[in-house]
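Have a look at work_1.cif below; it lists mmCIF, C-alpha atoms and all ligand atoms.
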```
data_input
#
loop_
_atom_site.label_atom_id
_atom_site.label_comp_id
_atom_site.auth_asym_id
_atom_site.auth_seq_id
_atom_site.Cartn_x
_atom_site.Cartn_y
_atom_site.Cartn_z
CA MET A 1 -7.68 1.39 -15.49
CA LYS A 2 -11.03 2.31 -13.93
CA ILE A 3 -11.15 5.63 -12.07
CA PHE A 4 -13.78 6.55 -9.50
CA ILE A 5 -13.92 10.08 -8.09
CA GLU A 6 -15.77 10.09 -4.76
CA LYS A 7 -16.92 13.20 -2.96
CA ASP A 8 -14.77 12.78 0.14
CA TYR A 9 -12.48 10.45 2.08
CA ASP A 10 -15.37 8.67 3.77
CA ALA A 11 -17.06 7.85 0.45
CA LEU A 12 -13.71 6.78 -1.02
CA SER A 13 -13.09 4.40 1.89
CA LYS A 14 -16.58 2.87 1.60
CA LYS A 15 -16.12 2.35 -2.14
CA ALA A 16 -12.71 0.72 -1.50
CA PHE A 17 -14.31 -1.58 1.06
CA GLU A 18 -16.88 -2.74 -1.55
CA ILE A 19 -13.98 -4.01 -3.68
CA MET A 20 -12.34 -5.70 -0.67
CA LYS A 21 -15.68 -7.29 0.25
CA GLU A 22 -16.20 -8.61 -3.26
CA THR A 23 -12.71 -10.19 -3.21
CA VAL A 24 -12.95 -11.87 0.20
CA SER A 25 -16.59 -12.98 -0.21
CA LYS A 26 -15.74 -14.64 -3.50
CA ASN A 27 -12.55 -16.22 -2.14
CA PRO A 28 -12.24 -16.48 1.67
CA GLN A 29 -8.66 -17.73 1.15
CA ALA A 30 -7.66 -14.65 -0.82
CA VAL A 31 -4.12 -13.35 -0.80
CA LEU A 32 -4.29 -9.68 0.15
CA GLY A 33 -1.50 -7.25 -0.62
CA LEU A 34 -1.58 -4.50 2.00
CA ALA A 35 -0.19 -1.00 2.22
CA THR A 36 0.60 1.48 4.97
CA GLY A 37 0.21 5.26 4.96
CA SER A 38 -2.81 7.35 5.83
CA SER A 39 -4.65 6.67 2.55
CA PRO A 40 -5.91 3.13 3.31
CA ILE A 41 -6.76 3.79 6.99
CA GLY A 42 -10.43 4.50 6.16
CA LEU A 43 -10.67 1.23 4.22
CA TYR A 44 -9.09 -0.61 7.15
CA GLN A 45 -11.61 0.99 9.54
CA GLU A 46 -14.46 -0.17 7.27
CA MET A 47 -13.05 -3.71 7.30
CA ILE A 48 -12.88 -3.72 11.11
CA ARG A 49 -16.36 -2.21 11.49
CA ASP A 50 -17.90 -4.78 9.16
CA HIS A 51 -16.00 -7.66 10.80
CA LYS A 52 -17.08 -6.62 14.31
CA ASN A 53 -20.69 -6.34 13.13
CA GLY A 54 -20.66 -10.00 12.08
CA GLY A 55 -19.60 -9.39 8.47
CA LEU A 56 -16.56 -10.87 6.77
CA SER A 57 -14.11 -13.20 8.46
CA TYR A 58 -10.46 -12.98 7.43
CA LYS A 59 -9.36 -16.15 9.21
CA ASP A 60 -8.34 -17.87 5.97
CA VAL A 61 -6.70 -15.00 4.11
CA THR A 62 -2.96 -14.54 3.73
CA THR A 63 -1.48 -11.06 3.73
CA PHE A 64 1.73 -9.61 2.35
CA ASN A 65 2.70 -6.05 3.14
CA LEU A 66 4.51 -3.91 0.65
CA ASP A 67 7.27 -2.39 2.68
CA GLU A 68 8.95 -1.57 5.98
CA TYR A 69 11.66 0.77 7.23
CA ALA A 70 14.97 -1.06 7.21
CA ASP A 71 16.74 0.88 9.92
CA LEU A 72 14.01 0.87 12.56
CA PRO A 73 13.27 -1.84 15.15
CA LYS A 74 10.07 -3.81 14.49
CA ASP A 75 8.63 -2.80 17.88
CA HIS A 76 9.14 0.93 17.23
CA PRO A 77 5.71 2.64 17.35
CA GLU A 78 6.27 4.02 13.82
CA SER A 79 7.38 0.75 12.22
CA TYR A 80 4.98 -0.54 9.59
CA TYR A 81 4.73 -3.70 11.68
CA SER A 82 3.27 -1.58 14.51
CA PHE A 83 1.13 0.46 12.11
CA MET A 84 -0.49 -2.61 10.55
CA HIS A 85 -1.27 -4.19 13.91
CA THR A 86 -2.75 -1.01 15.36
CA GLN A 87 -4.67 0.07 12.26
CA LEU A 88 -5.90 -3.31 11.03
CA PHE A 89 -4.71 -6.65 12.35
CA ASP A 90 -5.68 -6.08 16.01
CA GLY A 91 -9.28 -5.59 14.85
CA LEU A 92 -9.55 -8.66 12.58
CA ASP A 93 -9.21 -12.44 12.95
CA ILE A 94 -6.21 -13.09 10.70
CA PRO A 95 -3.89 -15.65 12.35
CA GLU A 96 -0.49 -14.06 13.02
CA GLU A 97 1.23 -16.75 10.93
CA SER A 98 -0.75 -15.69 7.84
CA ILE A 99 0.59 -12.14 8.10
CA HIS A 100 3.80 -11.23 6.25
CA ILE A 101 5.63 -7.93 6.56
CA PRO A 102 9.08 -7.51 5.05
CA GLU A 103 11.94 -7.08 7.50
CA GLY A 104 15.68 -6.74 7.33
CA GLU A 105 18.22 -4.50 5.71
CA THR A 106 20.19 -6.66 3.30
CA GLU A 107 19.56 -7.85 -0.25
CA GLU A 108 19.55 -11.37 1.21
CA ASP A 109 16.59 -10.39 3.45
CA ALA A 110 14.89 -8.97 0.35
CA ARG A 111 15.45 -12.18 -1.61
CA ARG A 112 13.96 -14.20 1.23
CA TYR A 113 10.78 -12.07 1.23
CA ASP A 114 10.56 -12.41 -2.53
CA GLU A 115 10.53 -16.19 -2.18
CA LEU A 116 7.71 -16.05 0.38
CA LEU A 117 5.54 -13.75 -1.73
CA LYS A 118 2.44 -15.05 -3.47
CA PRO A 119 0.73 -12.90 -6.12
CA ALA A 120 -2.11 -11.00 -4.50
CA ASP A 121 -5.74 -11.49 -5.47
CA LEU A 122 -6.15 -7.87 -4.46
CA GLN A 123 -3.27 -5.44 -3.93
CA ILE A 124 -4.02 -2.23 -2.00
CA LEU A 125 -1.84 0.77 -2.84
CA GLY A 126 -1.44 4.38 -1.80
CA ILE A 127 0.70 6.81 -3.78
CA GLY A 128 3.54 9.08 -2.68
CA HIS A 129 3.74 12.75 -3.70
CA ASN A 130 6.41 11.84 -6.23
CA GLY A 131 4.32 8.96 -7.62
CA HIS A 132 6.02 6.25 -5.58
CA ILE A 133 4.22 3.00 -4.83
CA GLY A 134 5.38 0.96 -1.84
CA PHE A 135 8.79 2.56 -1.43
CA ASN A 136 9.63 2.32 -5.12
CA GLU A 137 11.04 5.76 -5.72
CA PRO A 138 11.27 7.45 -9.17
CA GLY A 139 13.63 5.59 -11.50
CA THR A 140 12.90 2.11 -10.08
CA PRO A 141 12.68 -0.41 -12.96
CA PHE A 142 9.14 -1.65 -13.62
CA ASP A 143 10.30 -5.28 -13.38
CA SER A 144 12.01 -4.86 -9.98
CA HIS A 145 11.73 -7.39 -7.16
CA THR A 146 11.89 -6.88 -3.39
CA HIS A 147 14.91 -4.72 -2.64
CA ILE A 148 16.51 -2.26 -0.24
CA VAL A 149 16.07 1.43 -1.06
CA GLU A 150 17.48 4.67 0.16
CA LEU A 151 14.52 7.01 0.61
CA THR A 152 14.42 10.30 -1.27
CA GLU A 153 14.53 13.57 0.64
CA ARG A 154 10.94 14.27 -0.47
CA THR A 155 9.70 11.01 1.03
CA ARG A 156 11.68 11.54 4.24
CA GLU A 157 10.28 15.05 4.48
CA ALA A 158 6.70 13.72 4.03
CA ASN A 159 7.29 11.14 6.78
CA LYS A 160 8.88 13.60 9.19
CA ARG A 161 5.53 14.18 10.87
CA PHE A 162 5.75 10.67 12.35
CA PHE A 163 9.25 11.24 13.77
CA PRO A 164 9.10 14.61 15.54
CA ASP A 165 11.96 13.86 17.95
CA GLU A 166 14.27 11.64 15.97
CA GLU A 167 15.76 11.21 12.52
CA VAL A 168 13.43 9.84 9.83
CA PRO A 169 14.66 6.40 8.74
CA ARG A 170 16.91 6.51 5.70
CA PHE A 171 16.40 3.03 4.27
CA ALA A 172 13.50 0.74 3.55
CA ILE A 173 12.82 -2.76 2.26
CA THR A 174 10.09 -2.80 -0.37
CA GLN A 175 8.41 -5.13 -2.81
CA GLY A 176 9.42 -4.11 -6.31
CA ILE A 177 7.10 -2.82 -9.01
CA GLY A 178 7.36 -6.20 -10.74
CA ASN A 179 5.96 -7.92 -7.62
CA ILE A 180 3.08 -5.43 -7.40
CA LEU A 181 2.16 -5.94 -11.07
CA LYS A 182 1.72 -9.69 -10.49
CA ALA A 183 -1.49 -9.06 -8.52
CA ASP A 184 -4.75 -10.14 -10.15
CA ARG A 185 -6.34 -6.84 -9.28
CA ILE A 186 -4.88 -3.60 -7.93
CA LEU A 187 -6.78 -0.99 -5.93
CA LEU A 188 -5.09 2.39 -5.51
CA VAL A 189 -6.57 4.96 -3.13
CA ALA A 190 -5.55 8.61 -2.84
CA SER A 191 -7.09 11.57 -1.10
CA GLY A 192 -6.42 15.26 -0.79
CA VAL A 193 -5.34 17.93 -3.23
CA ASP A 194 -1.65 17.36 -2.44
CA LYS A 195 -1.93 14.01 -4.28
CA ALA A 196 -3.61 15.53 -7.37
CA GLN A 197 -0.36 16.05 -9.29
CA ALA A 198 0.88 12.51 -8.61
CA ILE A 199 -2.44 11.10 -9.86
CA ALA A 200 -2.37 13.29 -12.98
CA ASP A 201 1.28 12.32 -13.68
CA MET A 202 0.44 8.63 -13.31
CA LEU A 203 -2.15 8.96 -16.10
CA LYS A 204 0.19 10.66 -18.59
CA GLY A 205 1.74 7.42 -19.84
CA GLU A 206 4.33 4.94 -18.63
CA ASN A 207 7.37 6.74 -17.30
CA PRO A 208 9.99 5.30 -14.92
CA GLU A 209 10.17 8.70 -13.19
CA VAL A 210 6.56 8.10 -12.05
CA PRO A 211 6.53 4.60 -10.52
CA ALA A 212 2.70 4.48 -10.31
CA SER A 213 2.50 4.86 -14.10
CA ALA A 214 3.61 1.20 -14.32
CA LEU A 215 0.00 0.40 -13.39
CA LEU A 216 -1.13 1.56 -16.84
CA SER A 217 0.14 -1.74 -18.26
CA HIS A 218 -1.91 -3.84 -15.83
CA PRO A 219 -5.28 -5.20 -17.03
CA ASP A 220 -7.27 -4.72 -13.81
CA VAL A 221 -6.53 -1.55 -11.85
CA ILE A 222 -9.13 0.41 -9.89
CA VAL A 223 -8.22 3.92 -8.77
CA ILE A 224 -10.44 5.57 -6.16
CA VAL A 225 -9.78 9.21 -5.35
CA ASP A 226 -11.66 11.97 -3.61
CA GLU A 227 -12.41 15.26 -5.34
CA GLY A 228 -9.13 16.80 -4.14
CA ALA A 229 -6.86 14.03 -5.42
CA GLY A 230 -8.95 13.83 -8.61
CA SER A 231 -8.87 17.57 -9.30
CA LEU A 232 -6.17 17.44 -12.01
CA ILE A 233 -7.47 14.38 -13.88
CA PRO A 234 -8.05 15.38 -17.52
CA GLU A 235 -11.68 15.18 -18.75
CA LYS A 236 -11.08 12.28 -21.14
CA ASN A 237 -10.42 9.78 -18.32
C1 LIG B 301 4.75 5.78 2.34
C2 LIG B 301 4.43 4.31 2.02
C3 LIG B 301 3.60 4.20 0.76
C4 LIG B 301 2.42 5.15 0.85
C5 LIG B 301 2.92 6.56 0.93
C6 LIG B 301 1.83 7.60 0.97
O1 LIG B 301 5.84 6.26 1.64
N1 LIG B 301 5.61 3.53 1.85
O2 LIG B 301 3.17 2.85 0.63
O3 LIG B 301 1.60 5.00 -0.27
O4 LIG B 301 3.69 6.67 2.11
O5 LIG B 301 1.37 7.76 2.27
P1 LIG B 301 0.05 8.51 2.67
O6 LIG B 301 -1.07 7.61 2.29
O7 LIG B 301 0.16 8.69 4.16
O8 LIG B 301 0.06 9.80 1.94
#
```
What do you get writing this file as structure tokens?
Amino acid sequence: MKIFIEKDYDALSKKAFEIMKETVSKNPQAVLGLATGSSPIGLYQEMIRDHKNGGLSYKDVTTFNLDEYADLPKDHPESYYSFMHTQLFDGLDIPEESIHIPEGETEEDARRYDELLKPADLQILGIGHNGHIGFNEPGTPFDSHTHIVELTERTREANKRFFPDEEVPRFAITQGIGNILKADRILLVASGVDKAQAIADMLKGENPEVPASALLSHPDVIVIVDEGAGSLIPEKN
């Protein structure tokens, strides 16, 4: 695992874009694993800025998103389908048919997404306060596949800000940790001091109570944090 501590969110996002650029320049048909949440928004803005300035084209990439709320209509403004279109896809040239976002609320829907999935050349990840990746909450087996999860209270609380006038969704469909680990390369981004504990816990050793710690077994993981999220990383890293 390579760890980069950048001075702020802007620097972190630029560094993350360098990795994205390297992947897509080398292989214009790359499979990209994409994540939602506020953490990768800066990276997505860099991708759009570069693309609009005549940089990379994404017309031949294929994308697979990590997760989606199960009990929310796709056209809801807070669905991950809406998020990805607003924050990234509307600004790039990826054909709609090359974009995959999980949907559904049954294990059968999950199995179908699992069959569609191709291992990512580059998998983007954020991290939850409790160390979750995608919506793999603490205790999820490290070899799990796409499945339906009931969100923890902590996760629902964190996502409440997006649902001021209605109940936060209770269920989600998410790629499993086993799917995530199949990527060739994984890029995790985290910013802000409220993520510092999750980052420090991830580095303590593999522990099913900290889903992100599964990444320690992967041969090519890049972690980019800002000074806040990196503030509890022990010296030796
Ligand atoms: C959600 C998403 C995760 C994301 C996490 C952190 O739970 N399912 O994929 O990593 O939120 O979000 P943020 O980056 O907004 O802190």
CA of Tyr113 in chain A to CA of His76 in chain A, distance in Å rounded to a single decimal: 20.7 Å
d(CA of Asp71 in chain A, CA of Glu96 in chain A) in Å: 23.0 Å
Give me, as JSON, numbers by chain, all polymer residues having an atom no more than 12 Å from Asp60 in chain A, counting only C-alpha atoms and skipping those fewer than 5 positions away in the same chain. {"A": [24, 25, 27, 28, 29, 30, 31, 32, 92, 93, 94, 95, 96, 97, 98, 99]}
Nearest to ligand LIG 301 (chain B): which of A:His132, A:His51, A:Lys2, A:Arg112 is it, counting all atoms listed in the file?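 So, comparing all the options, the nearest one is A:His132.
Neighbours of Asp220 in chain A closer than or equal to 12 Å, with all atoms listed in the file counted and sequence neighbours fewer than 5 positions away skipped, come out as Met1, Lys2, Ile3, Asp121, Leu122, Gln123, Leu181, Lys182, Ala183, Asp184, Arg185, Ile186, Leu187, Leu188 and Leu215 of chain A.
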Could those residues be written to a file, using C-alpha atoms, as a PDB file, in the coordinates of the input?
```pdb
ATOM      1  CA  MET A   1      -7.680   1.390 -15.490  1.00  0.00           C
ATOM      2  CA  LYS A   2     -11.030   2.310 -13.930  1.00  0.00           C
ATOM      3  CA  ILE A   3     -11.150   5.630 -12.070  1.00  0.00           C
ATOM      4  CA  ASP A 121      -5.740 -11.490  -5.470  1.00  0.00           C
ATOM      5  CA  LEU A 122      -6.150  -7.870  -4.460  1.00  0.00           C
ATOM      6  CA  GLN A 123      -3.270  -5.440  -3.930  1.00  0.00           C
ATOM      7  CA  LEU A 181       2.160  -5.940 -11.070  1.00  0.00           C
ATOM      8  CA  LYS A 182       1.720  -9.690 -10.490  1.00  0.00           C
ATOM      9  CA  ALA A 183      -1.490  -9.060  -8.520  1.00  0.00           C
ATOM     10  CA  ASP A 184      -4.750 -10.140 -10.150  1.00  0.00           C
ATOM     11  CA  ARG A 185      -6.340  -6.840  -9.280  1.00  0.00           C
ATOM     12  CA  ILE A 186      -4.880  -3.600  -7.930  1.00  0.00           C
ATOM     13  CA  LEU A 187      -6.780  -0.990  -5.930  1.00  0.00           C
ATOM     14  CA  LEU A 188      -5.090   2.390  -5.510  1.00  0.00           C
ATOM     15  CA  LEU A 215       0.000   0.400 -13.390  1.00  0.00           C
TER      16      LEU A 215
END
```
